[in-house]
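J.: Contents are mmCIF, C-alpha atoms; file name final16.cif:
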data_work
loop_
_atom_site.label_atom_id
_atom_site.label_comp_id
_atom_site.auth_asym_id
_atom_site.auth_seq_id
_atom_site.Cartn_x
_atom_site.Cartn_y
_atom_site.Cartn_z
CA MET A 1 -2.80 -20.63 55.69
CA LYS A 2 -2.20 -17.24 54.12
CA TYR A 3 -2.33 -16.44 50.41
CA THR A 4 -0.82 -13.92 48.01
CA LYS A 5 -0.64 -13.07 44.31
CA LEU A 6 2.13 -14.69 42.31
CA GLY A 7 4.02 -11.68 41.00
CA ASN A 8 2.42 -10.04 37.98
CA SER A 9 -0.05 -12.89 37.47
CA ASP A 10 -3.61 -13.26 38.71
CA LEU A 11 -2.77 -16.56 40.43
CA THR A 12 -3.54 -16.65 44.14
CA VAL A 13 -1.09 -19.00 45.84
CA SER A 14 -0.56 -20.26 49.37
CA ARG A 15 2.49 -18.83 51.15
CA ILE A 16 3.87 -22.37 51.18
CA CYS A 17 4.36 -24.23 47.90
CA MET A 18 4.55 -28.02 48.20
CA GLY A 19 7.69 -29.20 46.46
CA CYS A 20 7.11 -32.56 44.81
CA MET A 21 10.68 -33.63 44.00
CA GLY A 22 10.46 -36.23 46.77
CA PHE A 23 7.50 -37.97 45.13
CA GLY A 24 7.97 -40.66 42.51
CA ASP A 25 9.21 -44.14 41.79
CA PRO A 26 12.67 -44.44 43.43
CA ALA A 27 13.71 -46.94 40.76
CA ARG A 28 13.16 -44.46 37.92
CA GLY A 29 15.23 -41.36 38.46
CA GLN A 30 18.01 -39.50 40.18
CA HIS A 31 17.00 -40.15 43.78
CA SER A 32 16.72 -43.34 45.82
CA TRP A 33 14.92 -41.66 48.72
CA THR A 34 11.66 -40.63 47.01
CA ILE A 35 8.35 -41.94 48.35
CA ASP A 36 5.76 -44.17 46.74
CA GLU A 37 2.33 -43.14 45.53
CA ALA A 38 0.43 -44.14 48.66
CA HIS A 39 2.60 -41.95 50.89
CA THR A 40 2.54 -39.16 48.31
CA ARG A 41 -1.23 -39.12 48.48
CA GLU A 42 -1.19 -38.90 52.29
CA ILE A 43 1.05 -35.85 52.20
CA ILE A 44 -0.87 -34.11 49.43
CA ARG A 45 -4.13 -34.73 51.27
CA ARG A 46 -2.67 -33.24 54.46
CA GLY A 47 -1.32 -30.28 52.54
CA LEU A 48 -4.76 -29.57 51.09
CA GLU A 49 -6.29 -29.83 54.56
CA LEU A 50 -3.79 -27.22 55.78
CA GLY A 51 -4.69 -24.86 52.95
CA VAL A 52 -1.79 -25.48 50.59
CA ASN A 53 -2.99 -24.86 47.03
CA PHE A 54 0.37 -24.47 45.21
CA PHE A 55 2.16 -27.61 43.97
CA ASP A 56 5.51 -27.68 42.15
CA THR A 57 6.76 -30.68 40.19
CA ALA A 58 8.83 -31.31 37.03
CA ILE A 59 8.99 -33.70 34.12
CA ALA A 60 12.51 -34.61 35.26
CA TYR A 61 11.51 -35.75 38.75
CA GLN A 62 11.81 -39.51 38.77
CA SER A 63 11.24 -39.73 35.01
CA GLY A 64 7.77 -38.23 35.11
CA THR A 65 6.42 -40.36 37.95
CA SER A 66 6.28 -37.36 40.29
CA GLU A 67 3.95 -35.65 37.83
CA GLN A 68 1.87 -38.81 37.56
CA TYR A 69 1.50 -39.24 41.33
CA VAL A 70 0.70 -35.56 41.86
CA GLY A 71 -1.77 -35.44 39.01
CA ARG A 72 -3.73 -38.46 40.16
CA ALA A 73 -3.85 -37.22 43.76
CA LEU A 74 -5.05 -33.75 42.87
CA ARG A 75 -7.67 -35.09 40.46
CA ASP A 76 -9.06 -37.25 43.26
CA MET A 77 -8.80 -34.72 46.10
CA ALA A 78 -9.34 -31.21 44.74
CA LYS A 79 -11.22 -29.22 42.16
CA ARG A 80 -8.94 -28.18 39.32
CA GLU A 81 -9.76 -24.49 39.76
CA ASP A 82 -8.83 -24.61 43.45
CA VAL A 83 -5.19 -25.58 42.96
CA VAL A 84 -2.20 -23.97 41.26
CA VAL A 85 -0.10 -26.57 39.46
CA ALA A 86 3.44 -25.80 38.32
CA THR A 87 5.77 -28.04 36.39
CA LYS A 88 9.08 -27.57 34.59
CA PHE A 89 10.77 -28.54 31.33
CA LEU A 90 14.42 -29.33 30.65
CA PRO A 91 16.80 -28.02 28.00
CA ARG A 92 17.05 -29.85 24.70
CA THR A 93 19.06 -33.05 24.82
CA GLN A 94 22.20 -33.50 22.72
CA ASP A 95 20.27 -36.04 20.65
CA GLU A 96 17.55 -33.48 19.91
CA ILE A 97 20.14 -30.89 18.95
CA GLU A 98 21.86 -33.32 16.59
CA ARG A 99 18.50 -34.23 15.04
CA GLY A 100 17.64 -30.57 14.49
CA VAL A 101 14.70 -30.47 16.91
CA THR A 102 13.96 -26.78 17.48
CA GLY A 103 13.47 -25.18 20.85
CA GLN A 104 9.82 -24.58 19.94
CA LYS A 105 9.21 -28.21 19.04
CA HIS A 106 11.06 -29.39 22.15
CA ILE A 107 8.84 -27.30 24.41
CA GLU A 108 5.71 -28.56 22.66
CA THR A 109 6.83 -32.14 23.29
CA MET A 110 7.68 -31.38 26.90
CA ILE A 111 4.35 -29.73 27.76
CA ASP A 112 2.32 -32.41 26.03
CA THR A 113 4.16 -35.11 27.97
CA SER A 114 3.72 -33.27 31.26
CA LEU A 115 0.00 -32.73 30.68
CA ARG A 116 -0.37 -36.42 29.89
CA ASN A 117 1.54 -37.32 33.06
CA LEU A 118 -0.56 -34.96 35.16
CA GLY A 119 -3.84 -35.91 33.51
CA ILE A 120 -4.94 -32.28 33.10
CA ASP A 121 -5.57 -29.91 30.21
CA TYR A 122 -3.31 -27.06 31.37
CA VAL A 123 -0.80 -26.05 34.02
CA ASP A 124 -1.04 -22.76 35.83
CA LEU A 125 2.70 -22.12 35.73
CA TYR A 126 5.16 -23.60 33.23
CA ILE A 127 8.76 -23.21 34.35
CA TYR A 128 11.98 -23.12 32.32
CA HIS A 129 14.00 -25.45 34.59
CA MET A 130 17.50 -24.22 33.74
CA TRP A 131 19.15 -21.97 31.18
CA ASP A 132 19.78 -23.72 27.87
CA TRP A 133 23.01 -22.28 26.47
CA GLN A 134 22.59 -24.25 23.22
CA THR A 135 19.13 -22.94 22.33
CA PRO A 136 18.46 -19.28 21.43
CA ILE A 137 16.37 -17.52 24.07
CA TYR A 138 14.08 -16.30 21.28
CA ASP A 139 13.18 -19.92 20.48
CA ILE A 140 12.47 -20.65 24.14
CA LEU A 141 10.23 -17.60 24.52
CA ASP A 142 8.47 -18.27 21.22
CA GLY A 143 7.86 -21.87 22.26
CA LEU A 144 6.43 -20.77 25.59
CA SER A 145 4.25 -18.19 23.87
CA ARG A 146 2.77 -20.93 21.70
CA VAL A 147 2.07 -23.02 24.80
CA VAL A 148 0.22 -20.13 26.45
CA LYS A 149 -1.71 -19.27 23.28
CA ALA A 150 -2.76 -22.92 22.97
CA GLY A 151 -4.19 -22.79 26.49
CA LYS A 152 -1.74 -25.38 27.82
CA ALA A 153 -0.25 -22.99 30.41
CA ARG A 154 -1.57 -19.83 32.01
CA TYR A 155 1.75 -18.25 32.94
CA VAL A 156 5.47 -18.94 32.58
CA GLY A 157 8.26 -18.94 35.14
CA ILE A 158 11.99 -19.58 35.18
CA SER A 159 14.41 -21.39 37.49
CA ASN A 160 18.17 -21.52 38.09
CA CYS A 161 19.08 -18.33 36.27
CA PHE A 162 21.04 -15.16 36.95
CA ALA A 163 19.27 -11.83 37.27
CA TRP A 164 20.80 -10.65 33.99
CA GLN A 165 19.36 -13.68 32.20
CA LEU A 166 15.89 -13.03 33.58
CA ALA A 167 16.12 -9.33 32.70
CA LYS A 168 17.32 -10.13 29.18
CA ALA A 169 14.57 -12.69 28.62
CA ASN A 170 11.77 -10.47 29.87
CA ALA A 171 13.02 -7.49 27.85
CA LEU A 172 12.95 -9.65 24.70
CA ALA A 173 9.53 -11.03 25.63
CA GLU A 174 8.17 -7.52 26.07
CA ARG A 175 9.58 -6.44 22.70
CA GLU A 176 8.18 -9.47 20.88
CA ASN A 177 4.86 -9.54 22.76
CA PHE A 178 5.65 -12.93 24.27
CA PRO A 179 4.54 -13.84 27.82
CA GLN A 180 7.03 -12.58 30.40
CA PHE A 181 8.30 -14.67 33.30
CA VAL A 182 6.19 -13.94 36.39
CA SER A 183 8.27 -15.98 38.85
CA VAL A 184 11.77 -17.24 39.48
CA GLN A 185 12.70 -20.38 41.38
CA GLY A 186 16.24 -20.12 42.68
CA HIS A 187 18.43 -21.56 45.42
CA TYR A 188 17.80 -19.46 48.55
CA ASN A 189 17.76 -20.11 52.28
CA LEU A 190 19.41 -18.93 55.50
CA ILE A 191 22.71 -20.62 54.67
CA PHE A 192 22.71 -19.80 50.94
CA ARG A 193 21.78 -16.16 50.37
CA GLU A 194 23.51 -15.34 47.09
CA GLU A 195 20.14 -14.43 45.52
CA GLU A 196 20.23 -11.26 47.63
CA ARG A 197 23.03 -9.79 45.50
CA GLU A 198 21.02 -9.04 42.34
CA MET A 199 18.01 -11.33 41.97
CA ALA A 200 16.06 -10.22 45.03
CA PRO A 201 16.29 -6.46 44.34
CA TYR A 202 15.50 -7.00 40.66
CA CYS A 203 12.42 -9.07 41.47
CA ALA A 204 11.24 -6.49 44.01
CA GLU A 205 11.57 -3.76 41.39
CA GLU A 206 9.71 -5.73 38.71
CA ASN A 207 7.17 -7.52 40.97
CA ILE A 208 8.47 -10.94 39.94
CA ALA A 209 7.62 -13.63 42.50
CA MET A 210 10.47 -15.47 44.18
CA THR A 211 9.59 -19.10 44.92
CA PRO A 212 12.92 -20.54 46.07
CA TYR A 213 13.79 -24.21 46.32
CA SER A 214 15.98 -25.83 48.99
CA ALA A 215 14.19 -23.64 51.52
CA LEU A 216 15.46 -25.82 54.37
CA ALA A 217 18.82 -26.67 52.76
CA SER A 218 17.82 -30.30 52.26
CA GLY A 219 16.91 -30.60 55.93
CA ARG A 220 20.01 -28.90 57.33
CA LEU A 221 17.94 -25.98 58.64
CA SER A 222 15.35 -28.23 60.27
CA ARG A 223 17.58 -30.03 62.79
CA LEU A 224 21.01 -29.88 64.39
CA PRO A 225 23.76 -31.93 62.72
CA GLY A 226 23.50 -35.59 63.69
CA GLU A 227 19.96 -35.28 65.01
CA GLY A 228 17.29 -37.38 63.33
CA ASP A 229 19.23 -38.18 60.17
CA THR A 230 16.98 -39.31 57.35
CA LYS A 231 17.20 -41.58 54.34
CA ARG A 232 17.62 -38.48 52.20
CA ALA A 233 20.44 -37.17 54.40
CA ALA A 234 22.23 -40.48 54.01
CA GLU A 235 21.69 -40.95 50.28
CA ASP A 236 21.36 -37.52 48.66
CA SER A 237 24.83 -37.00 47.19
CA TYR A 238 23.66 -33.95 45.26
CA ALA A 239 22.61 -32.16 48.47
CA ARG A 240 25.98 -33.01 50.01
CA PHE A 241 27.65 -31.53 46.94
CA LYS A 242 25.74 -28.29 47.54
CA TYR A 243 26.29 -27.98 51.29
CA ASP A 244 29.15 -30.08 52.66
CA ALA A 245 31.89 -27.72 51.50
CA THR A 246 30.51 -24.88 53.63
CA ALA A 247 29.22 -26.97 56.54
CA GLN A 248 31.65 -25.52 59.07
CA GLN A 249 30.78 -21.88 58.38
CA ASP A 250 27.07 -22.71 58.18
CA SER A 251 27.02 -24.50 61.52
CA ALA A 252 26.99 -21.29 63.54
CA ILE A 253 23.88 -20.07 61.70
CA ILE A 254 22.15 -23.41 62.18
CA ALA A 255 22.97 -23.22 65.89
CA ARG A 256 21.28 -19.81 66.05
CA VAL A 257 18.18 -21.24 64.37
CA ALA A 258 18.07 -23.93 67.05
CA GLU A 259 18.58 -21.38 69.83
CA LEU A 260 15.79 -19.11 68.56
CA ALA A 261 13.47 -22.07 68.04
CA GLU A 262 13.95 -23.14 71.66
CA LYS A 263 13.41 -19.58 72.87
CA ARG A 264 10.19 -19.20 70.88
CA GLY A 265 8.93 -22.71 71.63
CA VAL A 266 8.74 -23.72 67.98
CA THR A 267 10.68 -25.98 65.60
CA MET A 268 13.77 -25.10 63.61
CA THR A 269 11.68 -25.62 60.48
CA GLU A 270 9.28 -22.90 61.59
CA VAL A 271 12.08 -20.43 62.34
CA SER A 272 13.95 -21.09 59.08
CA LEU A 273 10.84 -20.76 56.94
CA ALA A 274 9.46 -17.79 58.87
CA TRP A 275 12.70 -15.95 58.08
CA LEU A 276 12.47 -16.88 54.39
CA LEU A 277 8.82 -15.81 54.25
CA THR A 278 9.93 -12.27 55.08
CA LYS A 279 11.93 -12.29 51.83
CA VAL A 280 9.94 -14.22 49.21
CA THR A 281 6.47 -14.95 47.86
CA SER A 282 6.18 -18.69 48.45
CA PRO A 283 9.10 -21.00 49.26
CA VAL A 284 9.02 -24.46 47.71
CA VAL A 285 9.11 -26.88 50.63
CA GLY A 286 9.64 -30.58 50.04
CA ALA A 287 7.76 -33.07 52.17
CA THR A 288 8.25 -36.81 52.50
CA LYS A 289 6.60 -37.07 55.93
CA LEU A 290 3.40 -35.55 57.30
CA ARG A 291 5.33 -33.56 59.89
CA HIS A 292 7.27 -31.83 57.13
CA ILE A 293 4.22 -30.17 55.59
CA GLU A 294 2.67 -29.57 59.00
CA GLY A 295 5.77 -27.74 60.19
CA ALA A 296 5.90 -25.69 57.00
CA ALA A 297 2.28 -24.63 57.39
CA LYS A 298 2.92 -23.51 60.98
CA ALA A 299 5.76 -21.28 59.81
CA VAL A 300 3.29 -19.03 58.01
CA ASP A 301 1.89 -17.90 61.36
CA LEU A 302 5.26 -17.30 63.04
CA ALA A 303 6.21 -13.61 62.96
CA LEU A 304 9.88 -12.93 63.60
CA THR A 305 10.97 -9.49 64.73
CA GLU A 306 13.43 -7.39 62.72
CA GLU A 307 15.95 -7.95 65.49
CA GLU A 308 15.52 -11.73 65.34
CA CYS A 309 15.94 -11.73 61.57
CA ALA A 310 19.07 -9.59 61.80
CA TRP A 311 20.52 -11.90 64.46
CA LEU A 312 19.94 -14.94 62.22
CA GLU A 313 21.56 -13.15 59.27
CA GLU A 314 24.63 -11.52 60.78
CA LEU A 315 27.01 -14.51 60.65
CA TYR A 316 26.51 -15.21 56.93
CA VAL A 317 29.51 -14.97 54.65
CA PRO A 318 29.44 -15.19 50.82
CA HIS A 319 29.19 -18.67 49.38
CA PRO A 320 30.47 -20.03 46.06
CA LEU A 321 27.75 -21.00 43.61
CA ALA A 322 26.67 -24.60 44.01
CA GLY A 323 24.40 -27.10 42.31
CA VAL A 324 22.71 -26.20 39.03
CA MET A 325 23.80 -22.56 39.26
CA ALA A 326 27.44 -23.63 39.29
CA GLN A 327 26.77 -25.18 35.87
CA ASN A 328 25.01 -22.11 34.47
CA LYS A 329 27.80 -21.22 32.03
CA PRO A 330 28.49 -21.92 28.36
CA ALA A 331 31.35 -24.31 29.06
CA ALA A 332 29.01 -26.57 31.01
CA ALA A 333 26.30 -26.67 28.34
CA LYS A 334 27.15 -30.18 27.20
CA GLU A 335 27.89 -31.59 30.65
CA LYS A 336 25.56 -34.08 32.25
CA HIS A 337 23.66 -32.28 35.01
CA VAL A 338 21.68 -33.73 37.89
CA TRP A 339 18.41 -33.90 35.92
CA SER A 340 19.89 -35.49 32.77
CA THR A 341 18.26 -38.87 33.09
CA GLY A 342 17.99 -39.52 29.39
CA ASP A 343 14.34 -40.58 29.72
CA GLN A 344 12.55 -37.32 30.40
CA HIS A 345 10.44 -37.86 27.30
CA ILE A 346 8.82 -40.95 28.79
CA GLY A 347 5.34 -39.78 29.63
CA GLU A 348 2.93 -42.68 29.47
CA GLU A 349 1.27 -43.59 32.75
CA LYS A 350 2.50 -46.83 34.22
#
Write out the structure in this file as C-alpha cells.
T.:
Amino acid sequence: MKYTKLGNSDLTVSRICMGCMGFGDPARGQHSWTIDEAHTREIIRRGLELGVNFFDTAIAYQSGTSEQYVGRALRDMAKREDVVVATKFLPRTQDEIERGVTGQKHIETMIDTSLRNLGIDYVDLYIYHMWDWQTPIYDILDGLSRVVKAGKARYVGISNCFAWQLAKANALAERENFPQFVSVQGHYNLIFREEEREMAPYCAEENIAMTPYSALASGRLSRLPGEGDTKRAAEDSYARFKYDATAQQDSAIIARVAELAEKRGVTMTEVSLAWLLTKVTSPVVGATKLRHIEGAAKAVDLALTEEECAWLEELYVPHPLAGVMAQNKPAAAKEKHVWSTGDQHIGEEK
C-alpha cells in the first residue's frame, strides 16, 4: 500500500479508502444488498492487512448500522491512532426546519449520534454529505467549527457539491476563521468525468483532496456487461438510475478497460482504479467481498502509461448530471433524496 497526505491536513491516508456503504443491516436502510456484521469484519480485517487505513462511512448508511459495524471492527482490530475514520452528516430534515432546529444544533446532534454509533471520541474527517439549500452556509460552517473546537472532529470535508459551492464555503470559512474543507467526495470515474470541468482544476490549485465515490461505477468498470452479475447489480435501483441512461455510450469505454486489462494481465478493477489514481488522492472503493478490496489494493501498484490513460479517455463524451448532483439545486431542496430514510437520528447500538 502507498500513502499520501489528505489535502491541506496532516492526515496520512492510504491511496485506497474503504467505502463502507455496503456494510449494515439490510433491513434498516436504503439498500437490500448490504452485508451483515460478520462479513463486514472479514473485509475490514483484510483491508487492514493490505495496509488500508482510511475508512469512509455515514450516519445515513443503513440507519447508522454501517457506523456501528465499522466502529466495533476497528476498535477490535486496530489502534485508534493508526486509522483515519471519516463519516458524514445529512441536511436538516423538514421536521427539524419546522421545529426551528438550527444548523448548528443539527450538526451537534449528528456528530454525537455518529460518535455513539462508532464508539469513538472523535472522527478524523467529518463530511458535509450534500448541500443543504434550506440552511445558511454560515450556520453549517459555524456548526462544524464548534465540532472541531470540541475535539469531536479533526478536519472537515464536503461531498456532492459544485466547485463554486466549495469555493464559496471555503472563502467564508477563511474570512470567519472557521475550519476550511480539506477534501471533496464527488462522483468521478472513467465513465463519469464531469468533475474534470471545474472541480479537479480547482482542487489542484487549492490542494484540496479529491476522494471520489462510485470509483468503479457500481461495478460496471470491474466486469463486462452480463459477466458475474451480483446481488447489488440486480437490486440497486439507484445505481441503475445513475448509469443505465448512458450505458450504450459507456460500453465502448468499458470494452477498452477489458482489453487493456487482458493485455496487462490484470483485472478490470485494477485498470479502472489505476487510471483514477492518476487523478485523485484516494478513491472511495466499496467492498462486499474479499476480492473487491484485494483488487483495489493491487491497483495501487499498477502504473499506466500516459498513452494508456489517453486511450482509455478518448471515447468519453459529456454526461448529464446524475444521482445526488442532479438534485443539487434549490427546487429540489424539499424532495426526498436517496438518503432520506427518516431515521438518521437513530443512534443507539442494537
J.: I'd like the neighbourhood of region 159-172 of chain A as an NGL selection string, where a residue qualifies if any of its atoms comes within 6 Å (using all atoms listed in the file), though same-chain residues fewer than 6 positions away should be ignored.
T.: :A and (128-130 or 180 or 184-186 or 199 or 325)
J.: So that I can check the surroundings of region 99-102 of chain A, please list as an mmCIF file with C-alpha atoms, in the frame of the given file every protein, DNA and RNA residue that reaches within 9 Å of it, counting all atoms listed in the file and ignoring chain neighbours fewer than 5 positions away.
T.:
data_model
loop_
_atom_site.group_PDB
_atom_site.id
_atom_site.type_symbol
_atom_site.label_atom_id
_atom_site.label_comp_id
_atom_site.auth_asym_id
_atom_site.auth_seq_id
_atom_site.Cartn_x
_atom_site.Cartn_y
_atom_site.Cartn_z
ATOM 1 C CA ARG A 92 17.050 -29.850 24.700
ATOM 2 C CA GLN A 94 22.200 -33.500 22.720
ATOM 3 C CA ILE A 107 8.840 -27.300 24.410
ATOM 4 C CA THR A 135 19.130 -22.940 22.330
ATOM 5 C CA ASP A 139 13.180 -19.920 20.480
#
J.: Counting all atoms listed in the file, figure out which residue out of A:Glu176, A:Lys5, A:Tyr213, A:Ile191 gets nearest to Glu313 (chain A).
T.: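 Smallest distance to Glu313 (chain A) is found for A:Ile191.
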J.: If I take CA of Arg146 (chain A) and CA of Glu174 (chain A), how far is one from the other in Å, to one decimal?
T.: 15.1 Å
J.: Apply the PyMOL selection byres ((chain A and resi 62) around 10) to the displayed file and report the matching residues as a PyMOL selection string.
T.: chain A and resi 21-32+34+58-61+63-67+339+341+343-344
